Structures are given as structure tokens and as C-alpha cells.
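Asker: Take a look at target.txt, compact mmCIF, C-alpha atoms:
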```txt
# COMPACT_ATOMS: atom_id res chain seq x y z
CA MET A 1 57.98 59.28 -1.58
CA ASN A 2 57.31 60.59 1.93
CA GLY A 3 57.30 57.43 4.04
CA ASP A 4 55.02 58.66 6.82
CA ILE A 5 52.43 60.55 4.77
CA VAL A 6 49.15 58.84 3.94
CA VAL A 7 46.33 60.41 1.96
CA VAL A 8 42.81 59.24 2.83
CA ARG A 9 40.09 59.85 0.28
CA GLY A 10 36.88 60.53 2.20
CA GLY A 11 36.12 61.74 5.70
CA GLY A 12 32.81 60.04 6.51
CA ASP A 13 32.13 57.83 9.53
CA ILE A 14 33.90 54.72 8.20
CA ALA A 15 36.82 56.77 6.90
CA SER A 16 37.08 58.43 10.31
CA GLY A 17 37.70 55.04 11.92
CA VAL A 18 40.59 54.60 9.50
CA ILE A 19 41.88 58.11 10.16
CA GLN A 20 41.83 57.56 13.92
CA LYS A 21 43.87 54.35 13.71
CA LEU A 22 46.51 55.73 11.35
CA HIS A 23 46.85 59.04 13.19
CA ARG A 24 47.26 57.38 16.58
CA VAL A 25 50.21 55.27 15.42
CA GLY A 26 52.05 58.25 13.97
CA PHE A 27 51.27 58.59 10.26
CA ARG A 28 50.87 62.11 8.92
CA LEU A 29 47.48 62.13 7.25
CA LEU A 30 45.78 64.31 4.70
CA VAL A 31 42.05 63.78 4.24
CA LEU A 32 40.58 64.66 0.86
CA GLU A 33 36.90 65.56 0.70
CA SER A 34 34.41 67.08 -1.70
CA GLU A 35 33.52 70.75 -1.46
CA HIS A 36 30.12 69.79 -0.04
CA PRO A 37 30.42 66.53 1.95
CA THR A 38 27.21 64.54 2.44
CA SER A 39 28.12 62.51 5.51
CA VAL A 40 25.09 61.18 7.40
CA ARG A 41 26.80 60.35 10.71
CA ARG A 42 28.16 63.88 10.94
CA THR A 43 28.94 63.77 14.67
CA VAL A 44 31.58 61.10 14.01
CA SER A 45 32.89 62.31 10.65
CA PHE A 46 36.03 64.37 10.18
CA SER A 47 34.46 65.64 6.94
CA GLU A 48 32.57 68.18 9.08
CA ALA A 49 35.78 70.22 9.21
CA VAL A 50 34.95 71.36 5.67
CA TYR A 51 31.89 73.19 7.00
CA ASN A 52 32.99 74.14 10.50
CA GLY A 53 36.70 74.75 10.05
CA SER A 54 37.53 72.01 12.54
CA MET A 55 36.15 68.76 13.93
CA GLU A 56 37.10 66.88 17.09
CA LEU A 57 36.42 63.17 17.48
CA GLU A 58 37.67 60.96 20.29
CA GLY A 59 40.51 63.32 21.15
CA ILE A 60 41.69 63.94 17.58
CA THR A 61 41.25 67.34 15.95
CA ALA A 62 40.86 67.76 12.20
CA VAL A 63 41.22 71.19 10.60
CA LEU A 64 40.29 72.56 7.20
CA VAL A 65 43.34 73.51 5.13
CA LYS A 66 43.67 75.39 1.85
CA ASN A 67 47.34 75.01 0.89
CA THR A 68 50.47 72.97 1.64
CA ILE A 69 51.71 75.49 4.21
CA GLU A 70 48.53 74.95 6.24
CA ILE A 71 48.89 71.18 5.86
CA TYR A 72 52.38 71.21 7.39
CA HIS A 73 51.23 73.61 10.11
CA ALA A 74 48.41 71.20 11.01
CA TRP A 75 50.88 68.32 11.25
CA ALA A 76 53.14 70.40 13.51
CA LEU A 77 50.19 70.79 15.90
CA ASP A 78 49.39 67.05 15.69
CA HIS A 79 46.14 67.80 13.88
CA VAL A 80 44.65 66.04 10.87
CA PRO A 81 44.36 68.36 7.86
CA VAL A 82 41.25 68.09 5.69
CA ALA A 83 41.24 69.58 2.20
CA ALA A 84 38.37 70.09 -0.24
CA ASP A 85 40.19 68.37 -3.08
CA PRO A 86 37.97 65.78 -4.80
CA LYS A 87 40.36 65.51 -7.76
CA GLY A 88 43.27 64.56 -5.51
CA GLU A 89 45.66 67.28 -6.64
CA TYR A 90 47.53 67.17 -3.33
CA ILE A 91 48.54 63.57 -3.97
CA GLY A 92 51.01 64.65 -6.62
CA LYS A 93 52.28 67.51 -4.47
CA LEU A 94 52.90 65.49 -1.30
CA LYS A 95 53.96 62.16 -2.85
CA PRO A 96 52.58 60.03 0.02
CA VAL A 97 53.64 56.48 0.73
CA ALA A 98 50.00 55.42 0.47
CA VAL A 99 46.58 56.47 -0.74
CA VAL A 100 43.55 54.93 0.96
CA ASP A 101 40.13 55.12 -0.66
CA ALA A 102 37.64 55.26 2.20
CA ILE A 103 34.73 56.80 0.31
CA ILE A 104 32.79 53.49 0.16
CA ALA A 105 30.97 54.59 -2.98
CA LYS A 106 30.50 50.93 -4.01
CA ARG A 107 32.40 51.83 -7.18
CA ASN A 108 35.82 53.08 -8.21
CA THR A 109 35.83 56.88 -8.36
CA GLY A 110 39.40 57.31 -9.56
CA MET A 111 41.69 54.95 -7.63
CA HIS A 112 44.60 53.29 -9.42
CA ARG A 113 47.89 51.75 -8.36
CA GLY A 114 49.94 54.56 -9.87
CA LEU A 115 48.78 57.07 -7.26
CA ALA A 116 51.27 55.92 -4.62
CA PRO A 117 53.60 53.03 -3.74
CA VAL A 118 50.76 51.57 -1.63
CA THR A 119 47.09 51.76 -2.57
CA ILE A 120 44.25 50.44 -0.43
CA ALA A 121 40.50 50.55 -0.95
CA MET A 122 37.48 49.15 0.84
CA GLY A 123 34.28 47.51 -0.27
CA PRO A 124 32.96 46.54 -3.70
CA GLY A 125 34.10 48.29 -6.86
CA PHE A 126 37.80 47.48 -6.61
CA THR A 127 39.96 44.54 -7.65
CA ALA A 128 43.18 43.87 -5.74
CA LYS A 129 46.29 43.67 -7.93
CA LYS A 130 44.40 45.54 -10.67
CA ASP A 131 42.95 48.76 -9.21
CA VAL A 132 44.73 48.74 -5.85
CA ASP A 133 47.20 46.64 -3.87
CA VAL A 134 44.78 45.59 -1.15
CA VAL A 135 40.99 45.58 -0.87
CA ILE A 136 39.35 45.57 2.58
CA GLU A 137 36.10 43.66 3.06
CA SER A 138 33.45 46.11 4.29
CA ASN A 139 30.39 43.85 4.47
CA ARG A 140 29.27 43.08 8.02
CA GLY A 141 29.68 39.46 9.04
CA HIS A 142 32.39 36.86 9.41
CA ASN A 143 34.71 38.46 6.83
CA LEU A 144 34.42 42.11 7.90
CA GLY A 145 37.91 43.63 7.78
CA ARG A 146 39.48 40.75 5.85
CA LEU A 147 42.45 41.73 3.66
CA ILE A 148 42.07 40.76 0.01
CA PHE A 149 45.36 40.67 -1.87
CA GLU A 150 43.87 39.29 -5.07
CA GLY A 151 40.28 39.65 -6.24
CA GLU A 152 37.29 41.63 -5.03
CA ALA A 153 35.22 42.24 -1.91
CA GLU A 154 31.73 40.79 -1.59
CA PRO A 155 29.18 42.46 -3.91
CA ASN A 156 26.95 45.21 -2.55
CA THR A 157 23.95 43.56 -0.89
CA GLY A 158 21.90 46.76 -0.79
CA MET A 159 20.86 45.75 2.73
CA PRO A 160 21.97 47.83 5.75
CA GLY A 161 23.53 46.01 8.68
CA ASN A 162 21.27 44.40 11.26
CA ILE A 163 20.96 46.38 14.48
CA ALA A 164 18.62 44.99 17.14
CA GLY A 165 16.68 43.14 14.47
CA TYR A 166 16.26 46.11 12.12
CA THR A 167 17.95 46.58 8.74
CA LYS A 168 16.39 48.74 6.02
CA GLU A 169 13.72 49.97 8.46
CA ARG A 170 16.27 52.09 10.29
CA VAL A 171 17.50 53.96 7.21
CA LEU A 172 15.93 57.20 5.97
CA ASN A 173 16.07 57.88 2.23
CA ALA A 174 15.26 60.96 0.19
CA PRO A 175 11.77 60.68 -1.38
CA GLY A 176 12.90 62.70 -4.40
CA ASP A 177 15.38 65.25 -5.70
CA GLY A 178 15.56 68.55 -3.88
CA THR A 179 16.80 70.37 -0.79
CA ILE A 180 16.45 68.68 2.57
CA SER A 181 15.01 70.52 5.55
CA THR A 182 15.69 68.74 8.84
CA VAL A 183 13.40 69.12 11.85
CA ARG A 184 15.24 66.76 14.18
CA LYS A 185 18.82 66.65 15.43
CA ILE A 186 21.30 63.85 15.88
CA GLY A 187 20.84 62.42 19.39
CA GLU A 188 17.08 63.07 19.58
CA VAL A 189 14.68 60.25 20.43
CA VAL A 190 11.89 59.65 17.92
CA LYS A 191 8.88 57.37 17.63
CA ALA A 192 7.74 55.50 14.55
CA GLY A 193 5.86 58.00 12.39
CA ASP A 194 7.63 61.10 13.73
CA ILE A 195 8.78 63.43 10.97
CA VAL A 196 12.57 63.76 10.83
CA ALA A 197 12.98 65.87 7.71
CA TYR A 198 11.34 67.12 4.51
CA VAL A 199 12.49 67.22 0.91
CA ASN A 200 10.66 69.95 -0.99
CA GLY A 201 7.75 69.57 1.42
CA THR A 202 7.57 65.77 1.29
CA GLU A 203 7.79 64.19 4.74
CA ILE A 204 10.48 61.75 5.79
CA PRO A 205 9.11 59.88 8.84
CA SER A 206 10.98 57.49 11.09
CA LYS A 207 9.87 53.92 10.52
CA ILE A 208 10.87 52.76 14.01
CA ASP A 209 11.34 54.00 17.57
CA GLY A 210 14.92 55.00 18.27
CA ILE A 211 17.59 57.67 18.35
CA VAL A 212 18.54 59.80 15.36
CA ARG A 213 22.09 58.49 15.00
CA GLY A 214 22.78 60.15 11.67
CA LEU A 215 21.18 62.94 9.65
CA ILE A 216 22.54 64.73 6.61
CA ARG A 217 23.22 68.45 6.98
CA ASP A 218 20.20 70.75 6.70
CA GLY A 219 19.99 72.50 3.34
CA THR A 220 21.87 69.81 1.41
CA HIS A 221 20.77 69.07 -2.14
CA VAL A 222 19.79 65.40 -2.27
CA THR A 223 18.77 62.97 -4.97
CA ASN A 224 15.94 60.45 -4.97
CA GLY A 225 16.77 57.41 -2.83
CA LEU A 226 19.90 58.89 -1.26
CA LYS A 227 20.49 57.83 2.34
CA VAL A 228 19.86 60.92 4.44
CA GLY A 229 19.37 59.53 7.95
CA ASP A 230 19.89 56.63 10.31
CA ILE A 231 17.72 55.65 13.28
CA ASP A 232 19.33 53.51 15.99
CA PRO A 233 16.76 51.35 17.84
CA ARG A 234 19.06 51.10 20.88
CA ILE A 235 17.55 54.12 22.63
CA GLU A 236 19.56 53.55 25.80
CA GLN A 237 22.87 53.86 23.93
CA LEU A 238 22.99 57.59 23.20
CA GLU A 239 26.81 57.49 23.17
CA ASN A 240 26.64 55.62 19.86
CA CYS A 241 25.85 58.94 18.21
CA TYR A 242 29.20 60.39 19.23
CA THR A 243 31.68 57.51 19.05
CA ILE A 244 33.30 55.57 16.22
CA SER A 245 31.32 52.44 15.35
CA ASP A 246 32.44 48.84 15.65
CA LYS A 247 32.48 48.54 11.85
CA ALA A 248 34.62 51.65 11.42
CA ARG A 249 37.08 50.44 14.06
CA ALA A 250 37.33 47.00 12.42
CA ILE A 251 37.97 48.48 8.99
CA GLY A 252 40.40 51.00 10.45
CA GLY A 253 42.44 48.21 12.03
CA ALA A 254 42.39 46.28 8.76
CA VAL A 255 43.69 49.28 6.81
CA LEU A 256 46.50 49.74 9.32
CA GLU A 257 47.45 46.07 9.00
CA ALA A 258 47.38 46.24 5.20
CA LEU A 259 49.45 49.41 5.17
CA LEU A 260 52.17 47.95 7.39
CA ILE A 261 52.32 44.76 5.31
CA GLU A 262 52.68 46.67 2.05
CA ILE A 263 55.26 49.11 3.45
CA LYS A 264 57.31 46.15 4.66
CA LYS A 265 57.22 44.70 1.13
CA ILE A 266 58.58 47.97 -0.25
CA LYS A 267 61.40 48.06 2.27
CA ASN A 268 62.37 44.48 1.45
CA LEU A 269 62.69 45.16 -2.28
```
Translate this structure into C-alpha cells?
Answerer:
Amino acid sequence: MNGDIVVVRGGGDIASGVIQKLHRVGFRLLVLESEHPTSVRRTVSFSEAVYNGSMELEGITAVLVKNTIEIYHAWALDHVPVAADPKGEYIGKLKPVAVVDAIIAKRNTGMHRGLAPVTIAMGPGFTAKKDVDVVIESNRGHNLGRLIFEGEAEPNTGMPGNIAGYTKERVLNAPGDGTISTVRKIGEVVKAGDIVAYVNGTEIPSKIDGIVRGLIRDGTHVTNGLKVGDIDPRIEQLENCYTISDKARAIGGAVLEALLIEIKKIKNL
């Protein structure tokens, strides 16, 4: 076991809040992503390093790595390495003290307590003491960020968080299977009815006035109903497109708390 190495599964916007917190306090992180990440809030997702080779967010640089030598080189430069390793093969090679599932897939995609001395996951789909050691509540509201040491998080509501009175109206979904063609960029202001993207020629219009806060990468293959965009009605708050969200920060702090509690338990054994 390497006591300061933590593997984070996922590099999307919520995961990036976790990555920021753990990196800033000194853990050596490895982020595991798919070969073709589908993050919507790409401007605040370390997963973009898979496409661009590197990604900087709030003063932290993530770099794409392809072997253990490059991982250790990234750590030496105080960078966060990101590997396209959906199967988690690096977990066995590095023997981290903890594995954190930050994919938020609303289901378990391969987490189990045998992966590392400490296992943490967030949102529905996991049971603490069965699948992982600690589950983090990810649903907005009074319990956001609560540590669950036994049992499950709240079930998936299927309803996006309320921002300025809007919930599902602010989310853009794929109208069918196919390849997305985007005609807007993150940070652009749109009006209700403006076309943001197409899937195989079918329009995806904005339902409200706002800023394009998130938009899946152009040319991505999408499936019917997949979330592909996010419109923020707070037009005056352009910086929201480029900074970690309140939800991601809350969950990141909760993961850090859970990690320290579980590490302390190990040391006291």
C-alpha cells in the first residue's frame, strides 16, 4: 500500500472538485478515464487532458500519461496524471491507499472493497459496508456531502438541480442516437429557441435564455436521451463556466473528510 496515492475513477466536473481538494492537501492522484470521455462541463473537467494532452483548472495542471514512468514524472512536477484506463489496471500496479469512484453513473460500474484499503463512492448505486467503505450523498439539498458509513445514498430523482427556478428546462438531451455537431461554444449567450447543436441533422434548441455552461465535445457519438448540454440562466455569471461548482466543492470536501477518517482507522488497527 502506498499511503499517499489515491486513484480517482472519473475526471468530469464533479470528480474535478474531488481531485482539486485531494491534490491541494498533498495526495498523489491518478485519474482514470475512458478512452473517449463524454464530460459536458468540459471547461472544468480534468478529463479533457485525454483529448488535449493537458488541462489546467484553478491553478492545477492535469496531464495525459501512458505508463507508470510518466505517472511518476507527473507527480514530480506536481501535476495530476490522467490515464485512459477504464478497466482500472493501474490500481493493481500502484497499490493506492484509496480508490474513489467519482463517475456518478448512478450505478456501480466495478467498485468493490477489495480494490484498496479505503474505497469511497458517491451517489446512488452503492451500499456502504458492502460495495465501498463510505458513500457520499450527491443529491442537492440538506444532505449534500453527507458521509454514509452504512447504507445507500438517496435514490436518483431524475431531476436536475434547481438554478434560478429552472431544473430540467436547462438541460439539453440528445434527440436520438448519432454523432453530435455543435454550433455553439461554452460561454456563449443564447436565447430560448436558439439552436445549440444537431444530432444527425435533428436540432437541439435551448429551452431558456442563458449561457452555455456545458456542451459535450463536437463529433461525439451520443445515445438517445443522453445529457449533452447545460444552459445556465444566470447570464451575468460567466465565470461559472470556468470554475468548480458549489456541488463539486461540497462533494470534494466530503471525500477528503471520508478519506482522512478511514485512513485514521487503518493506522489505529
Asker: For Cys241 (chain A), which of A:Lys129, A:His36, A:Arg41, A:Lys95 is the closest residue, counting all atoms listed in the file?
Answerer: A:Arg41
Asker: Just the residues within 12 Å of region 48-59 of chain A, please, counting only C-alpha atoms, with nothing from its chain fewer than 6 positions along; format it as a ChimeraX atom specification.
Answerer: /A:10-13,16-17,19-21,23-24,31-42,65-66,74,78-85,216-218,220,239,241-245
Asker: At a cut-off of 9 Å, using only C-alpha atoms, what residues contact Gly253 (chain A)? Leave out same-chain residues fewer than 4 positions from it and give the result as a VMD selection string.
Answerer: chain A and resid 17 to 18 21 to 22 145 248 to 249 257 to 258
Asker: Could you state the separation of CA of Ile231 (chain A) and CA of Val212 (chain A) in Å, given to one decimal place?
Answerer: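 Those two atoms sit 4.7 Å apart.
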Asker: Which one of A:Gly151, A:Gly187, A:Gly193, A:Gly178 sits closest to Gly225 (chain A) if you count only C-alpha atoms?
Answerer: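 Of A:Gly151, A:Gly187, A:Gly193, A:Gly178, the one nearest Gly225 (chain A) is A:Gly178, counting only C-alpha atoms.
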Asker: Of the candidates A:Val63, A:Ala15, A:Gly88, A:Lys130, which shows the shortest atom-to-atom distance to Ala105 (chain A), using all atoms listed in the file?
Answerer: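 Closest residue, counting all atoms listed in the file: A:Ala15.
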Asker: What does the structure give for the distance between CA of Ala254 (chain A) and CA of Phe27 (chain A), in Å to one decimal?
Answerer: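 Straight-line distance from CA of Ala254 (chain A) to CA of Phe27 (chain A) works out to 15.3 Å.
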Asker: Using all atoms listed in the file - which residues lie no farther than 7 Å from the point (45.6, 57.5, 4.5) in the file's frame? Write them as a list in words.
Answerer: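 Output: Val6, Val7, Val8, Ile19, Leu29, Leu30, Ala98, Val99 and Val100 of chain A.
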Asker: Create the file for the chosen residues now, containing C-alpha atoms and written as a short mmCIF file (atom, residue, chain, number, x, y, z; two decimals), in the coordinates of the input.
Answerer:
```
data_model
loop_
_atom_site.label_atom_id
_atom_site.label_comp_id
_atom_site.auth_asym_id
_atom_site.auth_seq_id
_atom_site.Cartn_x
_atom_site.Cartn_y
_atom_site.Cartn_z
CA VAL A 6 49.15 58.84 3.94
CA VAL A 7 46.33 60.41 1.96
CA VAL A 8 42.81 59.24 2.83
CA ILE A 19 41.88 58.11 10.16
CA LEU A 29 47.48 62.13 7.25
CA LEU A 30 45.78 64.31 4.70
CA ALA A 98 50.00 55.42 0.47
CA VAL A 99 46.58 56.47 -0.74
CA VAL A 100 43.55 54.93 0.96
#
```
Asker: Work out how far apart CA of Lys191 (chain A) and CA of Gly214 (chain A) are and give it in Å to one decimal.
Answerer: 15.4 Å
Asker: So, with all atoms listed in the file as the atoms that count, which of A:Ser206, A:Thr109, A:Asn162, A:Asn200 lies closest to Thr223 (chain A)?
Answerer: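 Residue with the minimum atom-to-atom distance to Thr223 (chain A): A:Asn200.
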Asker: Could you check which of A:Ile208, A:Ile136, A:Leu64, A:Ile91 is closest to Leu115 (chain A), using all atoms listed in the file?
Answerer: A:Ile91
Asker: Kindly indicate which residue among A:Ile195, A:Ile163, A:Ile263, A:Ile180 lies nearest to Val228 (chain A), using only C-alpha atoms for the distances.
Answerer: A:Ile180
Asker: Residues near Asp209 (chain A), anyone? I mean within 7 Å using only C-alpha atoms, not counting same-chain ones fewer than 3 positions away, as an MDAnalysis selection string.
Answerer: chainID A and resid 190:192 233
Asker: Those residues you just picked out, can you put them in a file as a CSV table (one decimal), in the coordinates of the input with C-alpha atoms?
Answerer:
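The result, written out as part_33.csv:
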```csv
chain,number,residue,atom,x,y,z
A,190,VAL,CA,11.9,59.6,17.9
A,191,LYS,CA,8.9,57.4,17.6
A,192,ALA,CA,7.7,55.5,14.6
A,233,PRO,CA,16.8,51.4,17.8
```
Asker: Give me, as a VMD selection string, all polymer residues having an atom no more than 9 Å from Gly123 (chain A), counting only C-alpha atoms and skipping those fewer than 4 positions away in the same chain.
Answerer: chain A and resid 102 104 to 107 135 to 139 152 to 156
Asker: If you keep C-alpha atoms, can you produce a file of those selected residues as a short mmCIF file (atom, residue, chain, number, x, y, z; two decimals), in the coordinates of the input?
Answerer:
```
data_model
loop_
_atom_site.label_atom_id
_atom_site.label_comp_id
_atom_site.auth_asym_id
_atom_site.auth_seq_id
_atom_site.Cartn_x
_atom_site.Cartn_y
_atom_site.Cartn_z
CA ALA A 102 37.64 55.26 2.20
CA ILE A 104 32.79 53.49 0.16
CA ALA A 105 30.97 54.59 -2.98
CA LYS A 106 30.50 50.93 -4.01
CA ARG A 107 32.40 51.83 -7.18
CA VAL A 135 40.99 45.58 -0.87
CA ILE A 136 39.35 45.57 2.58
CA GLU A 137 36.10 43.66 3.06
CA SER A 138 33.45 46.11 4.29
CA ASN A 139 30.39 43.85 4.47
CA GLU A 152 37.29 41.63 -5.03
CA ALA A 153 35.22 42.24 -1.91
CA GLU A 154 31.73 40.79 -1.59
CA PRO A 155 29.18 42.46 -3.91
CA ASN A 156 26.95 45.21 -2.55
#
```
Asker: Can you list, as a compact mmCIF listing (two decimals) with C-alpha atoms, in the coordinates of the input, every protein, DNA or RNA residue that comes within 9 Å of Pro96 (chain A) when you count all atoms listed in the file, leaving out same-chain residues fewer than 6 positions away?
Answerer:
```txt
# COMPACT_ATOMS: atom_id res chain seq x y z
CA MET A 1 57.98 59.28 -1.58
CA ASN A 2 57.31 60.59 1.93
CA GLY A 3 57.30 57.43 4.04
CA ASP A 4 55.02 58.66 6.82
CA ILE A 5 52.43 60.55 4.77
CA VAL A 6 49.15 58.84 3.94
CA VAL A 7 46.33 60.41 1.96
CA LEU A 115 48.78 57.07 -7.26
CA ALA A 116 51.27 55.92 -4.62
CA PRO A 117 53.60 53.03 -3.74
CA VAL A 118 50.76 51.57 -1.63
```
Asker: Can you complete the atoms of region 146-163 of chain A to N, CA and C atoms and list them as a PDB file, keeping the file's coordinate frame?
Answerer:
```pdb
ATOM      1  N   ARG A 146      38.525  41.676   6.454  1.00  0.00           N
ATOM      2  CA  ARG A 146      39.480  40.750   5.850  1.00  0.00           C
ATOM      3  C   ARG A 146      40.286  41.459   4.770  1.00  0.00           C
ATOM      4  N   LEU A 147      41.584  41.161   4.686  1.00  0.00           N
ATOM      5  CA  LEU A 147      42.450  41.730   3.660  1.00  0.00           C
ATOM      6  C   LEU A 147      42.393  40.852   2.420  1.00  0.00           C
ATOM      7  N   ILE A 148      42.146  41.475   1.285  1.00  0.00           N
ATOM      8  CA  ILE A 148      42.070  40.760   0.010  1.00  0.00           C
ATOM      9  C   ILE A 148      43.232  41.223  -0.847  1.00  0.00           C
ATOM     10  N   PHE A 149      44.170  40.327  -1.096  1.00  0.00           N
ATOM     11  CA  PHE A 149      45.360  40.670  -1.870  1.00  0.00           C
ATOM     12  C   PHE A 149      45.206  40.328  -3.354  1.00  0.00           C
ATOM     13  N   GLU A 150      44.162  39.599  -3.678  1.00  0.00           N
ATOM     14  CA  GLU A 150      43.870  39.290  -5.070  1.00  0.00           C
ATOM     15  C   GLU A 150      42.364  39.048  -5.196  1.00  0.00           C
ATOM     16  N   GLY A 151      41.725  39.800  -6.080  1.00  0.00           N
ATOM     17  CA  GLY A 151      40.280  39.650  -6.240  1.00  0.00           C
ATOM     18  C   GLY A 151      39.505  40.810  -5.659  1.00  0.00           C
ATOM     19  N   GLU A 152      38.208  40.574  -5.415  1.00  0.00           N
ATOM     20  CA  GLU A 152      37.290  41.630  -5.030  1.00  0.00           C
ATOM     21  C   GLU A 152      36.617  41.340  -3.690  1.00  0.00           C
ATOM     22  N   ALA A 153      36.037  42.394  -3.110  1.00  0.00           N
ATOM     23  CA  ALA A 153      35.220  42.240  -1.910  1.00  0.00           C
ATOM     24  C   ALA A 153      33.859  41.671  -2.307  1.00  0.00           C
ATOM     25  N   GLU A 154      33.069  41.308  -1.321  1.00  0.00           N
ATOM     26  CA  GLU A 154      31.730  40.790  -1.590  1.00  0.00           C
ATOM     27  C   GLU A 154      30.897  41.861  -2.282  1.00  0.00           C
ATOM     28  N   PRO A 155      30.002  41.461  -3.222  1.00  0.00           N
ATOM     29  CA  PRO A 155      29.180  42.460  -3.910  1.00  0.00           C
ATOM     30  C   PRO A 155      28.260  43.204  -2.951  1.00  0.00           C
ATOM     31  N   ASN A 156      27.859  44.402  -3.359  1.00  0.00           N
ATOM     32  CA  ASN A 156      26.950  45.210  -2.550  1.00  0.00           C
ATOM     33  C   ASN A 156      25.612  44.495  -2.392  1.00  0.00           C
ATOM     34  N   THR A 157      25.206  44.263  -1.147  1.00  0.00           N
ATOM     35  CA  THR A 157      23.950  43.560  -0.890  1.00  0.00           C
ATOM     36  C   THR A 157      22.751  44.496  -0.966  1.00  0.00           C
ATOM     37  N   GLY A 158      23.003  45.803  -0.810  1.00  0.00           N
ATOM     38  CA  GLY A 158      21.900  46.760  -0.790  1.00  0.00           C
ATOM     39  C   GLY A 158      21.107  46.720   0.502  1.00  0.00           C
ATOM     40  N   MET A 159      21.565  45.909   1.461  1.00  0.00           N
ATOM     41  CA  MET A 159      20.860  45.750   2.730  1.00  0.00           C
ATOM     42  C   MET A 159      21.708  46.314   3.869  1.00  0.00           C
ATOM     43  N   PRO A 160      21.213  47.302   4.609  1.00  0.00           N
ATOM     44  CA  PRO A 160      21.970  47.830   5.750  1.00  0.00           C
ATOM     45  C   PRO A 160      22.212  46.755   6.799  1.00  0.00           C
ATOM     46  N   GLY A 161      23.221  46.965   7.621  1.00  0.00           N
ATOM     47  CA  GLY A 161      23.530  46.010   8.680  1.00  0.00           C
ATOM     48  C   GLY A 161      22.403  45.883   9.686  1.00  0.00           C
ATOM     49  N   ASN A 162      22.317  44.694  10.282  1.00  0.00           N
ATOM     50  CA  ASN A 162      21.270  44.400  11.260  1.00  0.00           C
ATOM     51  C   ASN A 162      21.649  44.977  12.617  1.00  0.00           C
ATOM     52  N   ILE A 163      20.786  45.833  13.138  1.00  0.00           N
ATOM     53  CA  ILE A 163      20.960  46.380  14.480  1.00  0.00           C
ATOM     54  C   ILE A 163      19.673  46.131  15.264  1.00  0.00           C
TER      55      ILE A 163
END
```
